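See structure below.
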Amino acid sequence: MEVISRPCGGCGPGPVIVIPPEPSLANQNIIDSLVGYPCAQSILGLLPSINLEIKKVLDSTFGIDQTVNIKFKPDTSLIGTLVNGETLRYTMTNGVFTSTIGLNPWMLTHSTKEYIFTTMLHESLHAYMDYNWHLFQTGVLDTAEFKQKFRIFWDYRSTGGVNSTEFAQHEHMTMAYLDKIMRALYSYNPGLSYSTAKNLAWEGLKETSLWFTTYPGDTTLINNFNSMARDTSSNLYALYNLQSCP
């Protein structure tokens with residue numbers, strides 16, 4: 001939404017001044033759905049639009065050109081689990097990809113802002129891939145179309161990889177995703193070091209082939225780092241320029 005203002009409150013001639021919307025307004029629908037979770041709300045309040053950030057990652061990862069409209073909400077069914085988020089529903093209407101993603105309330109109250117931000121982007125990629133897998137299974141996308149968009153996903157799932165859609169999605173993400181998430185993290189918090197951004201980007205992508213072959217000596221370090229970023233009770237997060245919940 002644009003706010004249009006004229007000199008003297010609209011009196012007399014003069015140029016129209018277009019005032020960009022406040023970042024919080026662009027995310028207001030999602031902010032309203034996360035009432036009671038100030039850490040997540042503060043992330044959204046600082047971003048011009050979480051959907052624009054998600055679209056950037058989807059564009060650079062999959063080359064899509066759809067408009068993105070993703071809403072996040074607390075999912076109480078995830079309390080007591082290590083699952084950070086899950087896709088609840090998705091649609092594509094008139095070129096607009098819409099999805100609702102449930103987030104673990106414990107994470108929303110105990111994790112660093114950067115960890116929550118990474119989770120939002122990670123789960124958005126899952127939502128988009130879930131949607132396209134559904135289109136393939138229902139015959140809307142044929143094999144050639146799906147393979148063109150998700151070659152790594154397809155090859156992993158159909159040629160000796162674990163017969164799991166989630167693992168196949170993670171395999172695809174590790175090959176085409178990590179640097180994009182790192183860039184998004186730098187944009188959100190320019191004070192992050194390379195290693196901190198890399199560690200956060202790896203969250204949720206363990207047990208993939210790249211995890212074991214590229215960073216065989218770093219897996220324990222990355223696991224420990226993300227455990228610390230997910231649970232701020234140790235207060236170690238500040239050493240890495242991470243931000244806690246207010």
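All residue names refer to the structure tokens as shown: chains lettered A, B, ... in order, residues numbered from 1 in each chain, ligands numbered from 1 in order.
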What lies within 10 Å of Thr91 (chain A) using only C-alpha atoms, ignoring chain neighbours under 2 positions off, as a PDB file with all heavy atoms, in the first residue's frame?
ATOM      1  N   ASN A  69       3.075 -15.070  -1.587  1.00  0.00           N
ATOM      2  CA  ASN A  69       2.270 -14.591  -0.463  1.00  0.00           C
ATOM      3  C   ASN A  69       2.250 -15.686   0.598  1.00  0.00           C
ATOM      4  O   ASN A  69       1.403 -16.574   0.570  1.00  0.00           O
ATOM      5  CB  ASN A  69       0.851 -14.252  -0.924  1.00  0.00           C
ATOM      6  CG  ASN A  69      -0.019 -13.744   0.212  1.00  0.00           C
ATOM      7  OD1 ASN A  69       0.490 -13.212   1.199  1.00  0.00           O
ATOM      8  ND2 ASN A  69      -1.318 -13.919   0.097  1.00  0.00           N
ATOM      9  N   ARG A  89      -0.728 -25.425   4.313  1.00  0.00           N
ATOM     10  CA  ARG A  89      -1.542 -25.418   3.092  1.00  0.00           C
ATOM     11  C   ARG A  89      -0.840 -24.569   2.038  1.00  0.00           C
ATOM     12  O   ARG A  89       0.005 -23.737   2.362  1.00  0.00           O
ATOM     13  CB  ARG A  89      -2.950 -24.881   3.359  1.00  0.00           C
ATOM     14  CG  ARG A  89      -3.022 -23.446   3.811  1.00  0.00           C
ATOM     15  CD  ARG A  89      -4.450 -23.035   4.152  1.00  0.00           C
ATOM     16  NE  ARG A  89      -4.936 -23.747   5.310  1.00  0.00           N
ATOM     17  CZ  ARG A  89      -4.769 -23.315   6.562  1.00  0.00           C
ATOM     18  NH1 ARG A  89      -4.123 -22.195   6.796  1.00  0.00           N
ATOM     19  NH2 ARG A  89      -5.233 -23.995   7.575  1.00  0.00           N
ATOM     20  N   THR A  93      -2.864 -19.341  -7.505  1.00  0.00           N
ATOM     21  CA  THR A  93      -4.015 -18.745  -8.171  1.00  0.00           C
ATOM     22  C   THR A  93      -3.571 -17.507  -8.931  1.00  0.00           C
ATOM     23  O   THR A  93      -2.983 -16.591  -8.345  1.00  0.00           O
ATOM     24  CB  THR A  93      -5.106 -18.354  -7.149  1.00  0.00           C
ATOM     25  OG1 THR A  93      -5.449 -19.503  -6.364  1.00  0.00           O
ATOM     26  CG2 THR A  93      -6.346 -17.833  -7.862  1.00  0.00           C
ATOM     27  N   GLY A  95      -1.146 -16.915 -10.862  1.00  0.00           N
ATOM     28  CA  GLY A  95       0.277 -16.627 -10.782  1.00  0.00           C
ATOM     29  C   GLY A  95       0.773 -16.227  -9.410  1.00  0.00           C
ATOM     30  O   GLY A  95       1.927 -15.819  -9.263  1.00  0.00           O
ATOM     31  N   VAL A  96      -0.073 -16.338  -8.388  1.00  0.00           N
ATOM     32  CA  VAL A  96       0.326 -15.990  -7.024  1.00  0.00           C
ATOM     33  C   VAL A  96       0.435 -17.272  -6.202  1.00  0.00           C
ATOM     34  O   VAL A  96      -0.547 -18.007  -6.052  1.00  0.00           O
ATOM     35  CB  VAL A  96      -0.685 -15.033  -6.359  1.00  0.00           C
ATOM     36  CG1 VAL A  96      -0.256 -14.721  -4.928  1.00  0.00           C
ATOM     37  CG2 VAL A  96      -0.818 -13.754  -7.171  1.00  0.00           C
ATOM     38  N   PHE A  97       1.640 -17.546  -5.696  1.00  0.00           N
ATOM     39  CA  PHE A  97       1.848 -18.704  -4.835  1.00  0.00           C
ATOM     40  C   PHE A  97       1.554 -18.298  -3.400  1.00  0.00           C
ATOM     41  O   PHE A  97       2.194 -17.406  -2.848  1.00  0.00           O
ATOM     42  CB  PHE A  97       3.285 -19.214  -4.949  1.00  0.00           C
ATOM     43  CG  PHE A  97       3.612 -20.302  -3.959  1.00  0.00           C
ATOM     44  CD1 PHE A  97       2.925 -21.497  -3.972  1.00  0.00           C
ATOM     45  CD2 PHE A  97       4.604 -20.115  -3.004  1.00  0.00           C
ATOM     46  CE1 PHE A  97       3.210 -22.502  -3.063  1.00  0.00           C
ATOM     47  CE2 PHE A  97       4.906 -21.110  -2.090  1.00  0.00           C
ATOM     48  CZ  PHE A  97       4.210 -22.309  -2.119  1.00  0.00           C
ATOM     49  N   THR A  98       0.556 -18.944  -2.795  1.00  0.00           N
ATOM     50  CA  THR A  98       0.132 -18.624  -1.434  1.00  0.00           C
ATOM     51  C   THR A  98       0.303 -19.852  -0.556  1.00  0.00           C
ATOM     52  O   THR A  98      -0.072 -20.958  -0.950  1.00  0.00           O
ATOM     53  CB  THR A  98      -1.345 -18.180  -1.412  1.00  0.00           C
ATOM     54  OG1 THR A  98      -1.490 -17.025  -2.243  1.00  0.00           O
ATOM     55  CG2 THR A  98      -1.792 -17.843   0.005  1.00  0.00           C
ATOM     56  N   SER A  99       0.875 -19.658   0.618  1.00  0.00           N
ATOM     57  CA  SER A  99       1.069 -20.780   1.530  1.00  0.00           C
ATOM     58  C   SER A  99       0.965 -20.297   2.969  1.00  0.00           C
ATOM     59  O   SER A  99       1.305 -19.155   3.281  1.00  0.00           O
ATOM     60  CB  SER A  99       2.440 -21.427   1.304  1.00  0.00           C
ATOM     61  OG  SER A  99       2.647 -22.499   2.202  1.00  0.00           O
ATOM     62  N   THR A 100       0.476 -21.183   3.830  1.00  0.00           N
ATOM     63  CA  THR A 100       0.490 -20.939   5.272  1.00  0.00           C
ATOM     64  C   THR A 100       1.456 -21.925   5.902  1.00  0.00           C
ATOM     65  O   THR A 100       1.372 -23.128   5.655  1.00  0.00           O
ATOM     66  CB  THR A 100      -0.909 -21.115   5.887  1.00  0.00           C
ATOM     67  OG1 THR A 100      -1.808 -20.184   5.278  1.00  0.00           O
ATOM     68  CG2 THR A 100      -0.871 -20.865   7.392  1.00  0.00           C
ATOM     69  N   ALA A 127       7.666 -25.358   1.254  1.00  0.00           N
ATOM     70  CA  ALA A 127       6.282 -25.142   0.820  1.00  0.00           C
ATOM     71  C   ALA A 127       6.193 -25.099  -0.697  1.00  0.00           C
ATOM     72  O   ALA A 127       5.292 -25.705  -1.302  1.00  0.00           O
ATOM     73  CB  ALA A 127       5.739 -23.846   1.426  1.00  0.00           C
ATOM     74  N   TYR A 128       7.126 -24.395  -1.329  1.00  0.00           N
ATOM     75  CA  TYR A 128       7.094 -24.287  -2.782  1.00  0.00           C
ATOM     76  C   TYR A 128       7.365 -25.638  -3.442  1.00  0.00           C
ATOM     77  O   TYR A 128       6.713 -26.010  -4.424  1.00  0.00           O
ATOM     78  CB  TYR A 128       8.113 -23.255  -3.253  1.00  0.00           C
ATOM     79  CG  TYR A 128       8.048 -23.009  -4.740  1.00  0.00           C
ATOM     80  CD1 TYR A 128       6.962 -22.341  -5.299  1.00  0.00           C
ATOM     81  CD2 TYR A 128       9.052 -23.456  -5.591  1.00  0.00           C
ATOM     82  CE1 TYR A 128       6.880 -22.126  -6.665  1.00  0.00           C
ATOM     83  CE2 TYR A 128       8.980 -23.246  -6.955  1.00  0.00           C
ATOM     84  CZ  TYR A 128       7.893 -22.581  -7.485  1.00  0.00           C
ATOM     85  OH  TYR A 128       7.815 -22.382  -8.845  1.00  0.00           O
ATOM     86  N   TYR A 131       4.366 -27.937  -3.016  1.00  0.00           N
ATOM     87  CA  TYR A 131       3.311 -27.580  -3.964  1.00  0.00           C
ATOM     88  C   TYR A 131       3.590 -28.174  -5.345  1.00  0.00           C
ATOM     89  O   TYR A 131       2.703 -28.770  -5.976  1.00  0.00           O
ATOM     90  CB  TYR A 131       3.194 -26.058  -4.052  1.00  0.00           C
ATOM     91  CG  TYR A 131       2.325 -25.587  -5.190  1.00  0.00           C
ATOM     92  CD1 TYR A 131       0.940 -25.710  -5.130  1.00  0.00           C
ATOM     93  CD2 TYR A 131       2.895 -25.042  -6.334  1.00  0.00           C
ATOM     94  CE1 TYR A 131       0.147 -25.293  -6.184  1.00  0.00           C
ATOM     95  CE2 TYR A 131       2.107 -24.617  -7.387  1.00  0.00           C
ATOM     96  CZ  TYR A 131       0.729 -24.746  -7.312  1.00  0.00           C
ATOM     97  OH  TYR A 131      -0.051 -24.340  -8.362  1.00  0.00           O
TER      98      TYR A 131
END
Long-range neighbours of region 71-84 of chain A as a VMD selection string, 8 Å cut-off, only C-alpha atoms, 3 positions minimum in chain: chain A and resid 29 to 30 33 to 34 98 to 107 119 to 120
Give me every alpha helix (DSSP H) residue in region 72-126 of chain A, going by DSSP on the backbone, as a ChimeraX atom specification. /A:105-110,113-126
Output C-alpha atoms for every residue in the selection just made, as an mmCIF file, in the first residue's frame.
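Saved the output as out.cif:
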data_model
loop_
_atom_site.group_PDB
_atom_site.id
_atom_site.type_symbol
_atom_site.label_atom_id
_atom_site.label_comp_id
_atom_site.auth_asym_id
_atom_site.auth_seq_id
_atom_site.Cartn_x
_atom_site.Cartn_y
_atom_site.Cartn_z
ATOM 1 C CA PRO A 105 5.959 -21.652 19.313
ATOM 2 C CA TRP A 106 8.916 -22.750 21.461
ATOM 3 C CA MET A 107 11.327 -21.663 18.744
ATOM 4 C CA LEU A 108 9.504 -18.341 18.397
ATOM 5 C CA THR A 109 10.132 -17.553 22.062
ATOM 6 C CA HIS A 110 13.576 -19.068 22.657
ATOM 7 C CA LYS A 113 16.105 -13.658 15.394
ATOM 8 C CA GLU A 114 18.546 -14.909 12.777
ATOM 9 C CA TYR A 115 17.621 -18.528 13.501
ATOM 10 C CA ILE A 116 13.915 -17.719 13.159
ATOM 11 C CA PHE A 117 14.567 -15.773 9.948
ATOM 12 C CA THR A 118 16.489 -18.719 8.479
ATOM 13 C CA THR A 119 13.665 -21.074 9.441
ATOM 14 C CA MET A 120 11.121 -18.854 7.685
ATOM 15 C CA LEU A 121 13.124 -18.978 4.461
ATOM 16 C CA HIS A 122 13.847 -22.711 4.763
ATOM 17 C CA GLU A 123 10.208 -23.625 5.322
ATOM 18 C CA SER A 124 9.142 -21.394 2.434
ATOM 19 C CA LEU A 125 11.332 -23.427 0.093
ATOM 20 C CA HIS A 126 9.732 -26.610 1.420
#
Arg230 (chain A) surroundings by only C-alpha atoms, 6 Å radius, close-in-sequence under 3 positions cut, as a ChimeraX atom specification: /A:111,226-227
Can you tell me, as JSON, numbers by chain, what residues are no more than 12 Å from Lys206 (chain A) when counting only C-alpha atoms, ignoring any on the same chain fewer than 3 positions away? {"A": [166, 167, 168, 169, 170, 171, 173, 174, 199, 200, 201, 202, 203, 209, 210, 211, 212, 213, 214, 215, 216, 218, 219, 220, 222, 223, 226]}
Export of the given selection (C-alpha atoms) as a PDB file, in the first residue's frame:
ATOM      1  CA  GLU A 166      11.778 -34.381   2.501  1.00  0.00           C
ATOM      2  CA  PHE A 167      15.285 -35.808   2.059  1.00  0.00           C
ATOM      3  CA  ALA A 168      15.097 -35.196  -1.689  1.00  0.00           C
ATOM      4  CA  GLN A 169      14.083 -31.591  -1.074  1.00  0.00           C
ATOM      5  CA  HIS A 170      16.980 -31.136   1.341  1.00  0.00           C
ATOM      6  CA  GLU A 171      19.369 -32.599  -1.208  1.00  0.00           C
ATOM      7  CA  MET A 173      18.405 -27.228  -1.287  1.00  0.00           C
ATOM      8  CA  THR A 174      22.017 -27.975  -0.387  1.00  0.00           C
ATOM      9  CA  ASN A 199      26.266 -22.376  10.073  1.00  0.00           C
ATOM     10  CA  LEU A 200      22.757 -20.922  10.149  1.00  0.00           C
ATOM     11  CA  ALA A 201      22.167 -21.689   6.469  1.00  0.00           C
ATOM     12  CA  TRP A 202      22.955 -25.351   7.144  1.00  0.00           C
ATOM     13  CA  GLU A 203      20.203 -25.676   9.740  1.00  0.00           C
ATOM     14  CA  SER A 209      25.398 -35.971   0.786  1.00  0.00           C
ATOM     15  CA  LEU A 210      26.967 -32.500   0.689  1.00  0.00           C
ATOM     16  CA  TRP A 211      26.771 -32.312   4.482  1.00  0.00           C
ATOM     17  CA  PHE A 212      29.070 -35.306   4.815  1.00  0.00           C
ATOM     18  CA  THR A 213      31.358 -34.733   1.831  1.00  0.00           C
ATOM     19  CA  THR A 214      31.966 -30.984   1.988  1.00  0.00           C
ATOM     20  CA  TYR A 215      32.164 -30.337   5.721  1.00  0.00           C
ATOM     21  CA  PRO A 216      33.023 -33.697   7.300  1.00  0.00           C
ATOM     22  CA  ASP A 218      32.556 -29.252  10.701  1.00  0.00           C
ATOM     23  CA  THR A 219      29.335 -31.162  11.280  1.00  0.00           C
ATOM     24  CA  THR A 220      29.653 -31.267  15.068  1.00  0.00           C
ATOM     25  CA  ILE A 222      27.585 -26.632  12.999  1.00  0.00           C
ATOM     26  CA  ASN A 223      25.235 -28.774  15.081  1.00  0.00           C
ATOM     27  CA  ASN A 226      22.670 -24.100  15.730  1.00  0.00           C
TER      28      ASN A 226
END
Residues of region 91-225 of chain A in strand (DSSP E or B) according to DSSP, as number ranges by chain? A: 91-93, 96-103
Residues just named, written with N, CA, C and O atoms as a compact mmCIF listing (two decimals), in the first residue's frame:
# COMPACT_ATOMS: atom_id res chain seq x y z
N THR A 91 -1.52 -22.94 -2.29
CA THR A 91 -2.31 -22.83 -3.51
C THR A 91 -1.53 -21.98 -4.51
O THR A 91 -0.58 -21.29 -4.15
N MET A 92 -1.93 -22.05 -5.76
CA MET A 92 -1.43 -21.16 -6.79
C MET A 92 -2.63 -20.64 -7.56
O MET A 92 -3.36 -21.42 -8.18
N THR A 93 -2.86 -19.34 -7.51
CA THR A 93 -4.01 -18.74 -8.17
C THR A 93 -3.57 -17.51 -8.93
O THR A 93 -2.98 -16.59 -8.35
N VAL A 96 -0.07 -16.34 -8.39
CA VAL A 96 0.33 -15.99 -7.02
C VAL A 96 0.44 -17.27 -6.20
O VAL A 96 -0.55 -18.01 -6.05
N PHE A 97 1.64 -17.55 -5.70
CA PHE A 97 1.85 -18.70 -4.83
C PHE A 97 1.55 -18.30 -3.40
O PHE A 97 2.19 -17.41 -2.85
N THR A 98 0.56 -18.94 -2.80
CA THR A 98 0.13 -18.62 -1.43
C THR A 98 0.30 -19.85 -0.56
O THR A 98 -0.07 -20.96 -0.95
N SER A 99 0.88 -19.66 0.62
CA SER A 99 1.07 -20.78 1.53
C SER A 99 0.96 -20.30 2.97
O SER A 99 1.31 -19.16 3.28
N THR A 100 0.48 -21.18 3.83
CA THR A 100 0.49 -20.94 5.27
C THR A 100 1.46 -21.92 5.90
O THR A 100 1.37 -23.13 5.65
N ILE A 101 2.38 -21.40 6.69
CA ILE A 101 3.41 -22.22 7.32
C ILE A 101 3.28 -22.10 8.83
O ILE A 101 3.22 -20.99 9.38
N GLY A 102 3.21 -23.24 9.50
CA GLY A 102 3.16 -23.26 10.95
C GLY A 102 4.56 -23.27 11.53
O GLY A 102 5.43 -24.00 11.06
N LEU A 103 4.79 -22.45 12.55
CA LEU A 103 6.09 -22.36 13.21
C LEU A 103 5.98 -22.83 14.65
O LEU A 103 4.96 -22.59 15.32
Could you jot down the CA of Lys147 (chain A) to CA of Glu53 (chain A) separation for me, Å, one decimal place?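 Atom-to-atom, CA of Lys147 (chain A) to CA of Glu53 (chain A), that is 25.3 Å.
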If I take CA of Ser195 (chain A) and CA of Asp59 (chain A), how far is one from the other in Å, to one decimal?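 Rounded to one decimal, the two atoms are 24.4 Å apart.
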Quick one: of A:Val57, A:Ala197, A:Leu88, A:Asn27, who's nearest to Leu44 (chain A), counting only C-alpha atoms?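 Checking each candidate against Leu44 (chain A), we get A:Asn27 as the closest.
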Just checking: using only C-alpha atoms, which residue out of A:Leu135, A:Met175, A:Leu141, A:Ala238 ends up closest to Thr208 (chain A)?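 Closest candidate: A:Met175.
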One decimal, in Å: what's the spacing between CA of Val140 (chain A) and CA of Tyr177 (chain A)?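 Taking CA of Val140 (chain A) as the start and CA of Tyr177 (chain A) as the end point, the length is 25.5 Å.
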